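S.K.: Dropping in protein39.txt, with compact mmCIF, C-alpha atoms and all ligand atoms.
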# COMPACT_ATOMS: atom_id res chain seq x y z
CA MET A 1 9.70 21.70 4.41
CA LYS A 2 6.49 22.45 2.58
CA PHE A 3 3.30 20.90 3.90
CA ILE A 4 0.11 20.48 2.00
CA ARG A 5 -3.08 22.10 3.17
CA ASN A 6 -5.98 21.20 5.50
CA MET A 7 -5.78 18.33 7.97
CA PHE A 8 -2.29 17.58 6.73
CA THR A 9 -0.98 21.08 7.42
CA LYS A 10 0.04 20.71 11.01
CA PRO A 11 2.94 18.31 11.59
CA HIS A 12 3.04 16.30 14.82
CA ALA A 13 5.27 18.19 17.22
CA GLU A 14 6.69 14.98 18.69
CA TYR A 15 7.58 13.48 15.32
CA ASP A 16 11.20 13.23 14.34
CA PHE A 17 11.12 15.54 11.31
CA GLU A 18 14.55 16.88 12.32
CA ASN A 19 16.40 13.67 11.55
CA ILE A 20 14.90 13.08 8.13
CA ASP A 21 16.72 14.18 5.02
CA ILE A 22 13.85 15.74 3.13
CA THR A 23 15.82 15.66 -0.12
CA ARG A 24 16.03 11.83 0.02
CA ILE A 25 12.50 10.75 0.79
CA PRO A 26 11.61 7.38 -0.79
CA GLU A 27 9.34 7.99 -3.75
CA HIS A 28 7.34 4.79 -3.19
CA VAL A 29 6.67 3.17 0.18
CA ALA A 30 4.80 -0.14 0.40
CA ILE A 31 3.28 -1.42 3.65
CA ILE A 32 1.96 -4.86 4.58
CA MET A 33 -0.65 -3.85 7.16
CA ASP A 34 -0.37 -6.89 9.42
CA GLY A 35 -1.11 -7.75 13.05
CA ASN A 36 -4.71 -6.62 13.49
CA GLY A 37 -5.83 -10.00 14.81
CA ARG A 38 -3.04 -10.29 17.38
CA TRP A 39 -3.59 -6.70 18.46
CA ALA A 40 -7.22 -7.59 19.24
CA LYS A 41 -6.35 -10.90 20.88
CA LYS A 42 -3.93 -9.19 23.25
CA ARG A 43 -6.85 -7.03 24.42
CA GLY A 44 -9.38 -9.87 24.63
CA LEU A 45 -11.31 -8.40 21.68
CA PRO A 46 -12.67 -10.11 18.54
CA ARG A 47 -10.42 -10.04 15.46
CA THR A 48 -12.80 -7.64 13.73
CA ALA A 49 -12.11 -5.05 16.45
CA GLY A 50 -8.47 -5.29 15.38
CA HIS A 51 -9.41 -4.65 11.77
CA LYS A 52 -11.42 -1.63 12.82
CA ALA A 53 -8.46 -0.26 14.76
CA GLY A 54 -6.26 -1.04 11.76
CA VAL A 55 -8.40 1.16 9.54
CA GLU A 56 -8.09 3.97 12.10
CA ALA A 57 -4.30 3.69 11.93
CA LEU A 58 -4.42 4.55 8.24
CA ARG A 59 -5.27 8.19 8.82
CA ASP A 60 -1.98 9.10 10.48
CA ILE A 61 0.08 7.09 7.98
CA ILE A 62 -1.54 8.79 5.00
CA ARG A 63 -1.19 12.18 6.65
CA THR A 64 2.47 11.67 7.51
CA SER A 65 3.22 10.29 4.03
CA SER A 66 1.69 13.42 2.52
CA GLN A 67 3.64 15.71 4.79
CA LEU A 68 6.89 13.97 3.94
CA GLY A 69 6.27 14.27 0.23
CA ILE A 70 6.15 10.53 -0.46
CA LYS A 71 4.70 10.18 -3.95
CA TYR A 72 3.27 6.64 -3.81
CA LEU A 73 2.02 4.71 -0.79
CA SER A 74 0.98 1.10 -1.47
CA LEU A 75 -1.08 -0.56 1.25
CA TYR A 76 -1.71 -4.31 1.37
CA ALA A 77 -5.28 -4.54 2.66
CA PHE A 78 -6.59 -7.92 1.44
CA SER A 79 -4.67 -10.70 -0.28
CA THR A 80 -5.90 -13.34 -2.71
CA GLU A 81 -5.15 -15.81 0.11
CA ASN A 82 -7.22 -13.94 2.71
CA TRP A 83 -10.39 -15.56 1.27
CA LYS A 84 -9.33 -18.63 3.29
CA ARG A 85 -10.43 -16.84 6.47
CA PRO A 86 -13.80 -17.47 8.13
CA GLU A 87 -16.68 -15.96 6.15
CA ASP A 88 -17.60 -13.62 9.01
CA GLU A 89 -14.14 -12.10 9.06
CA VAL A 90 -14.02 -11.68 5.27
CA ASN A 91 -17.44 -9.99 5.32
CA ALA A 92 -16.39 -7.68 8.13
CA LEU A 93 -13.24 -6.71 6.23
CA MET A 94 -15.22 -5.91 3.08
CA GLN A 95 -17.72 -3.86 5.06
CA LEU A 96 -14.93 -1.94 6.75
CA LEU A 97 -13.43 -1.16 3.38
CA VAL A 98 -16.70 0.20 2.02
CA MET A 99 -17.23 2.24 5.19
CA TYR A 100 -13.67 3.57 5.14
CA LEU A 101 -13.93 4.78 1.56
CA ARG A 102 -17.37 6.28 2.14
CA LYS A 103 -16.26 8.09 5.28
CA GLU A 104 -12.79 9.26 4.32
CA VAL A 105 -12.90 9.89 0.60
CA GLN A 106 -14.01 13.53 0.81
CA GLU A 107 -11.28 14.36 3.30
CA LEU A 108 -8.67 12.58 1.19
CA HIS A 109 -9.92 14.40 -1.88
CA LYS A 110 -9.67 17.77 -0.12
CA ASN A 111 -6.08 16.91 0.69
CA ASN A 112 -5.26 16.18 -2.93
CA VAL A 113 -4.83 12.41 -2.39
CA LYS A 114 -5.42 10.14 -5.36
CA ILE A 115 -6.91 6.72 -4.63
CA ASN A 116 -5.89 3.84 -6.85
CA ILE A 117 -6.78 0.19 -6.38
CA ILE A 118 -4.47 -2.67 -7.33
CA GLY A 119 -5.71 -6.25 -7.46
CA ASP A 120 -8.55 -8.23 -8.98
CA ILE A 121 -11.40 -5.82 -8.33
CA ASP A 122 -13.90 -7.95 -10.27
CA GLY A 123 -13.59 -10.59 -7.56
CA LEU A 124 -14.83 -8.24 -4.82
CA PRO A 125 -18.44 -7.82 -3.67
CA LYS A 126 -20.53 -5.39 -5.74
CA SER A 127 -20.82 -2.81 -2.93
CA ALA A 128 -17.04 -2.68 -2.59
CA GLN A 129 -16.60 -2.35 -6.36
CA GLU A 130 -19.01 0.57 -6.46
CA GLU A 131 -17.30 2.39 -3.59
CA ILE A 132 -13.88 1.81 -5.16
CA HIS A 133 -15.12 3.12 -8.46
CA SER A 134 -16.50 6.34 -7.02
CA ALA A 135 -13.40 6.97 -4.86
CA PHE A 136 -11.24 6.49 -7.95
CA GLU A 137 -13.41 8.77 -10.10
CA LEU A 138 -13.54 11.53 -7.52
CA THR A 139 -9.80 11.63 -6.85
CA GLN A 140 -8.27 10.67 -10.16
CA ASN A 141 -7.12 14.17 -11.14
CA ASN A 142 -5.51 14.90 -7.77
CA GLN A 143 -1.81 15.71 -7.84
CA GLY A 144 -0.78 14.84 -4.28
CA LEU A 145 0.00 11.51 -2.64
CA ILE A 146 -1.09 8.48 -4.66
CA VAL A 147 -2.45 5.76 -2.39
CA ASN A 148 -2.54 2.31 -3.97
CA ILE A 149 -4.82 0.06 -1.96
CA ALA A 150 -4.08 -3.60 -2.69
CA LEU A 151 -7.35 -5.49 -2.57
CA ASN A 152 -7.85 -9.08 -3.61
CA TYR A 153 -4.21 -8.69 -4.55
CA GLY A 154 -1.65 -11.46 -4.98
CA GLY A 155 1.77 -11.05 -6.57
CA ARG A 156 1.63 -14.39 -8.35
CA SER A 157 -1.89 -13.86 -9.58
CA GLU A 158 -0.85 -10.42 -10.85
CA ILE A 159 2.00 -11.98 -12.83
CA ILE A 160 -0.31 -14.62 -14.35
CA HIS A 161 -2.81 -11.89 -15.21
CA ALA A 162 -0.04 -9.95 -16.99
CA ILE A 163 1.19 -13.04 -18.85
CA LYS A 164 -2.30 -13.77 -20.15
CA ALA A 165 -2.68 -10.20 -21.41
CA LEU A 166 0.75 -10.42 -23.10
CA ALA A 167 -0.06 -13.77 -24.65
CA ARG A 168 -3.29 -12.38 -26.06
CA LYS A 169 -1.38 -9.52 -27.70
CA VAL A 170 1.12 -11.94 -29.21
CA LYS A 171 -1.69 -14.16 -30.51
CA ASN A 172 -3.37 -11.16 -32.14
CA ASN A 173 -0.07 -10.11 -33.75
CA GLU A 174 -0.03 -6.89 -31.72
CA LEU A 175 3.24 -7.75 -29.98
CA GLU A 176 6.45 -9.53 -31.03
CA ILE A 177 7.74 -12.14 -28.58
CA GLU A 178 11.27 -10.85 -29.07
CA SER A 179 10.26 -7.32 -28.07
CA ILE A 180 9.09 -8.40 -24.61
CA ASP A 181 11.43 -6.97 -22.00
CA GLU A 182 11.18 -5.98 -18.32
CA GLU A 183 9.70 -2.59 -19.11
CA ILE A 184 7.00 -3.98 -21.39
CA PHE A 185 6.16 -6.70 -18.90
CA SER A 186 5.87 -4.15 -16.05
CA GLY A 187 3.36 -2.26 -18.15
CA PHE A 188 0.95 -5.21 -17.89
CA LEU A 189 0.99 -5.33 -14.10
CA TYR A 190 -1.59 -3.58 -11.88
CA THR A 191 1.21 -1.15 -11.03
CA ALA A 192 1.82 -0.07 -14.64
CA GLY A 193 3.40 3.37 -14.72
CA ILE A 194 4.25 3.31 -10.99
CA PRO A 195 7.93 3.11 -10.01
CA ASP A 196 8.97 0.08 -7.92
CA PRO A 197 8.78 0.50 -4.13
CA ASP A 198 11.94 1.92 -2.59
CA LEU A 199 10.94 0.76 0.86
CA LEU A 200 8.78 -2.17 1.98
CA ILE A 201 7.54 -2.04 5.57
CA ARG A 202 6.05 -4.98 7.46
CA PRO A 203 4.91 -4.54 11.04
CA SER A 204 3.62 -7.35 13.32
CA GLY A 205 6.86 -9.32 13.64
CA GLU A 206 6.42 -11.54 10.58
CA LEU A 207 9.50 -11.68 8.37
CA ARG A 208 7.92 -12.56 5.04
CA VAL A 209 6.47 -10.98 1.94
CA SER A 210 3.17 -12.95 1.80
CA ASN A 211 2.76 -12.56 -1.96
CA PHE A 212 2.95 -8.75 -2.04
CA LEU A 213 4.40 -7.00 -5.13
CA LEU A 214 6.70 -9.93 -5.97
CA TRP A 215 7.98 -8.52 -9.26
CA GLN A 216 8.20 -4.93 -8.01
CA ILE A 217 10.27 -5.50 -4.84
CA ALA A 218 13.32 -6.89 -6.65
CA TYR A 219 15.47 -4.07 -5.23
CA SER A 220 13.30 -2.65 -2.46
CA GLU A 221 14.77 -2.06 1.00
CA PHE A 222 12.91 -4.04 3.71
CA TRP A 223 12.03 -2.72 7.15
CA PHE A 224 10.41 -4.92 9.79
CA SER A 225 8.93 -4.07 13.17
CA ASN A 226 7.23 -5.99 15.99
CA ILE A 227 4.52 -3.34 16.36
CA TYR A 228 1.04 -4.52 15.41
CA TRP A 229 -0.53 -2.52 12.60
CA PRO A 230 -3.23 -0.76 14.71
CA ASP A 231 -0.42 0.73 16.85
CA PHE A 232 1.65 1.74 13.85
CA SER A 233 1.84 5.52 13.46
CA GLY A 234 3.59 8.21 11.49
CA LYS A 235 6.33 8.05 14.08
CA HIS A 236 7.19 4.49 13.06
CA LEU A 237 6.98 5.38 9.39
CA MET A 238 9.51 8.12 10.00
CA LYS A 239 11.80 5.76 11.88
CA ALA A 240 11.65 3.41 8.88
CA ILE A 241 12.56 6.26 6.54
CA ILE A 242 15.44 7.40 8.74
CA ASP A 243 16.81 3.83 8.67
CA TYR A 244 16.19 3.61 4.93
CA GLN A 245 18.27 6.74 4.41
CA LYS A 246 21.25 4.97 5.98
CA ARG A 247 21.09 2.06 3.53
CA ASP A 248 23.49 1.70 0.64
CA ARG A 249 21.52 0.68 -2.45
CA ARG A 250 23.94 -0.93 -4.87
CA TYR A 251 21.62 -2.71 -7.32
CA GLY A 252 24.25 -5.35 -7.85
CA GLY A 253 26.97 -2.86 -8.63
CA VAL A 254 29.84 -1.45 -6.61
CA LYS A 255 30.21 1.98 -5.09
C1 LIG A 301 -3.86 -7.86 8.76
O1 LIG A 301 -4.02 -8.34 10.05
C2 LIG A 301 -5.18 -7.63 8.07
C3 LIG A 301 -5.41 -8.53 6.93
C4 LIG A 301 -4.64 -9.49 6.56
C5 LIG A 301 -6.61 -8.31 6.19
P1 LIG A 301 -4.25 -9.87 10.36
O2 LIG A 301 -5.72 -10.13 10.36
O3 LIG A 301 -3.49 -10.72 9.44
O4 LIG A 301 -3.69 -9.96 11.83
P2 LIG A 301 -2.86 -11.18 12.45
O5 LIG A 301 -1.70 -11.42 11.54
O6 LIG A 301 -3.78 -12.34 12.51
O7 LIG A 301 -2.44 -10.67 13.78
C1 LIG A 302 -0.65 -10.28 4.51
O1 LIG A 302 -0.96 -10.62 5.81
C2 LIG A 302 -1.85 -9.72 3.81
C3 LIG A 302 -2.30 -8.42 4.29
C4 LIG A 302 -1.77 -7.72 5.24
C5 LIG A 302 -3.44 -7.89 3.59
P1 LIG A 302 -1.42 -12.09 6.22
O2 LIG A 302 -1.71 -12.04 7.66
O3 LIG A 302 -2.50 -12.55 5.33
O4 LIG A 302 -0.11 -12.92 5.91
P2 LIG A 302 0.38 -14.32 6.49
O5 LIG A 302 -0.77 -15.27 6.40
O6 LIG A 302 0.79 -14.08 7.91
O7 LIG A 302 1.55 -14.69 5.64
MG MG A 303 -1.62 -11.50 9.53
Turn this file's structure into structure tokens for me.
Ligand code: IPE
Ligand code: IPE
Ligand code: MG
M.R.:
Amino acid sequence: MKFIRNMFTKPHAEYDFENIDITRIPEHVAIIMDGNGRWAKKRGLPRTAGHKAGVEALRDIIRTSSQLGIKYLSLYAFSTENWKRPEDEVNALMQLLVMYLRKEVQELHKNNVKINIIGDIDGLPKSAQEEIHSAFELTQNNQGLIVNIALNYGGRSEIIHAIKALARKVKNNELEIESIDEEIFSGFLYTAGIPDPDLLIRPSGELRVSNFLLWQIAYSEFWFSNIYWPDFSGKHLMKAIIDYQKRDRRYGGVK
């Protein structure tokens, strides 16, 4: 197996690389990074400490994804519904995001990672928008792992956003109603040009989608775990992929 350079070069010795079929790695893995609050609560810490630990967990997941040759990694970081949380928590999350990008972007860039943001960026604080913009600019020509960070993202809101853009085109006579099909519609989503997730992972014990990539997960394989996100590591990602490789994806057909 070929590894990419720098911090991603050395694979974890204890990781189960042996049992993975490297020729059948999912091209796109999506993760709902959930359980930060409960992780903190279990330790008698404030929820924000859980979010901080959650950000730390990202490093190993991105590294392992790169090593495995995953092409797209989509990470649900903040939903359109997460604004309902106490103001303090929302502010802390936004600050963590800015700090994460500021701190990690050079290292990610060195490792050929391309940062892409999906969601309504205009609705984020100015400081976050600026940091997102510079991370995107810096890494946009990289050819390695593409990390989609879902921020102020909601699947339903994404669909409405796409419908409005389509309707505008129709109104301006730039698009025929009859020509609208699944491919054209997909091109108006935040994920335009990105293949649908092959595998959707949700840690923390919740068995729901919480408005993530609703259109795109039509035929994704789901993998759930009781582990809270801050404890989630490359080892768990690999376990998910090993299980994924045992699934029979029929897409409605027969084998
Ligand atoms: C995920 O952890 C982080 C975000 C949703 C931003 P939570 O904060 O939802 O953690 P729990 O679900 O309360 O444990
Ligand atoms: C989903 O987690 C959103 C993110 C992980 C960013 P939530 O914690 O917001 O989901 P619910 O409220 O348990 O459905
Ligand atoms: Mg949660």
S.K.: Kindly work out which residues sit at most 9 Å from ligand LIG 302 (chain A), using all atoms listed in the file, and give the list as a list in words.
M.R.: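 These are the residues that qualify: Ile31, Ile32, Met33, Asp34, Gly35, Asn36, Gly37, Leu75, Tyr76, Ala77, Phe78, Ser79, Thr80, Glu81, Asn82, Ala150, Leu151, Asn152, Tyr153, Gly154, Arg202, Glu206, Leu207, Arg208, Val209, Ser210, Asn211 and Phe212 of chain A.
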S.K.: Considering all atoms listed in the file, state which residue in the set A:Ile227, A:Leu189, A:Ala135, A:Ile121 is at the smallest distance from ligand LIG 301 (chain A).
M.R.: A:Ile227
S.K.: Which is closest to Met238 of chain A among A:Arg38, A:Lys52, A:Arg63, A:Lys164, if we use all atoms listed in the file?
M.R.: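 Looking at the shortest contact to Met238 of chain A, the residue is A:Arg63.
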S.K.: Could you name the residues that touch Gln143 of chain A at 10 Å or less, counting all atoms listed in the file, but leaving out those on the same chain fewer than 2 positions away, as a list in words?
M.R.: Lys71, Asn111, Asn112, Val113, Lys114, Thr139, Gln140, Asn141, Leu145 and Ile146 of chain A
S.K.: Would you mind listing what lies within 12 Å of Ile177 of chain A as a list in words, with only C-alpha atoms counted and same-chain residues fewer than 4 positions away left out?
M.R.: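 After dropping sequence-adjacent residues, the list is Ile163, Leu166, Ala167, Arg168, Lys169, Val170, Lys171, Asn172, Asn173, Asp181, Ile184 and Phe185 of chain A.
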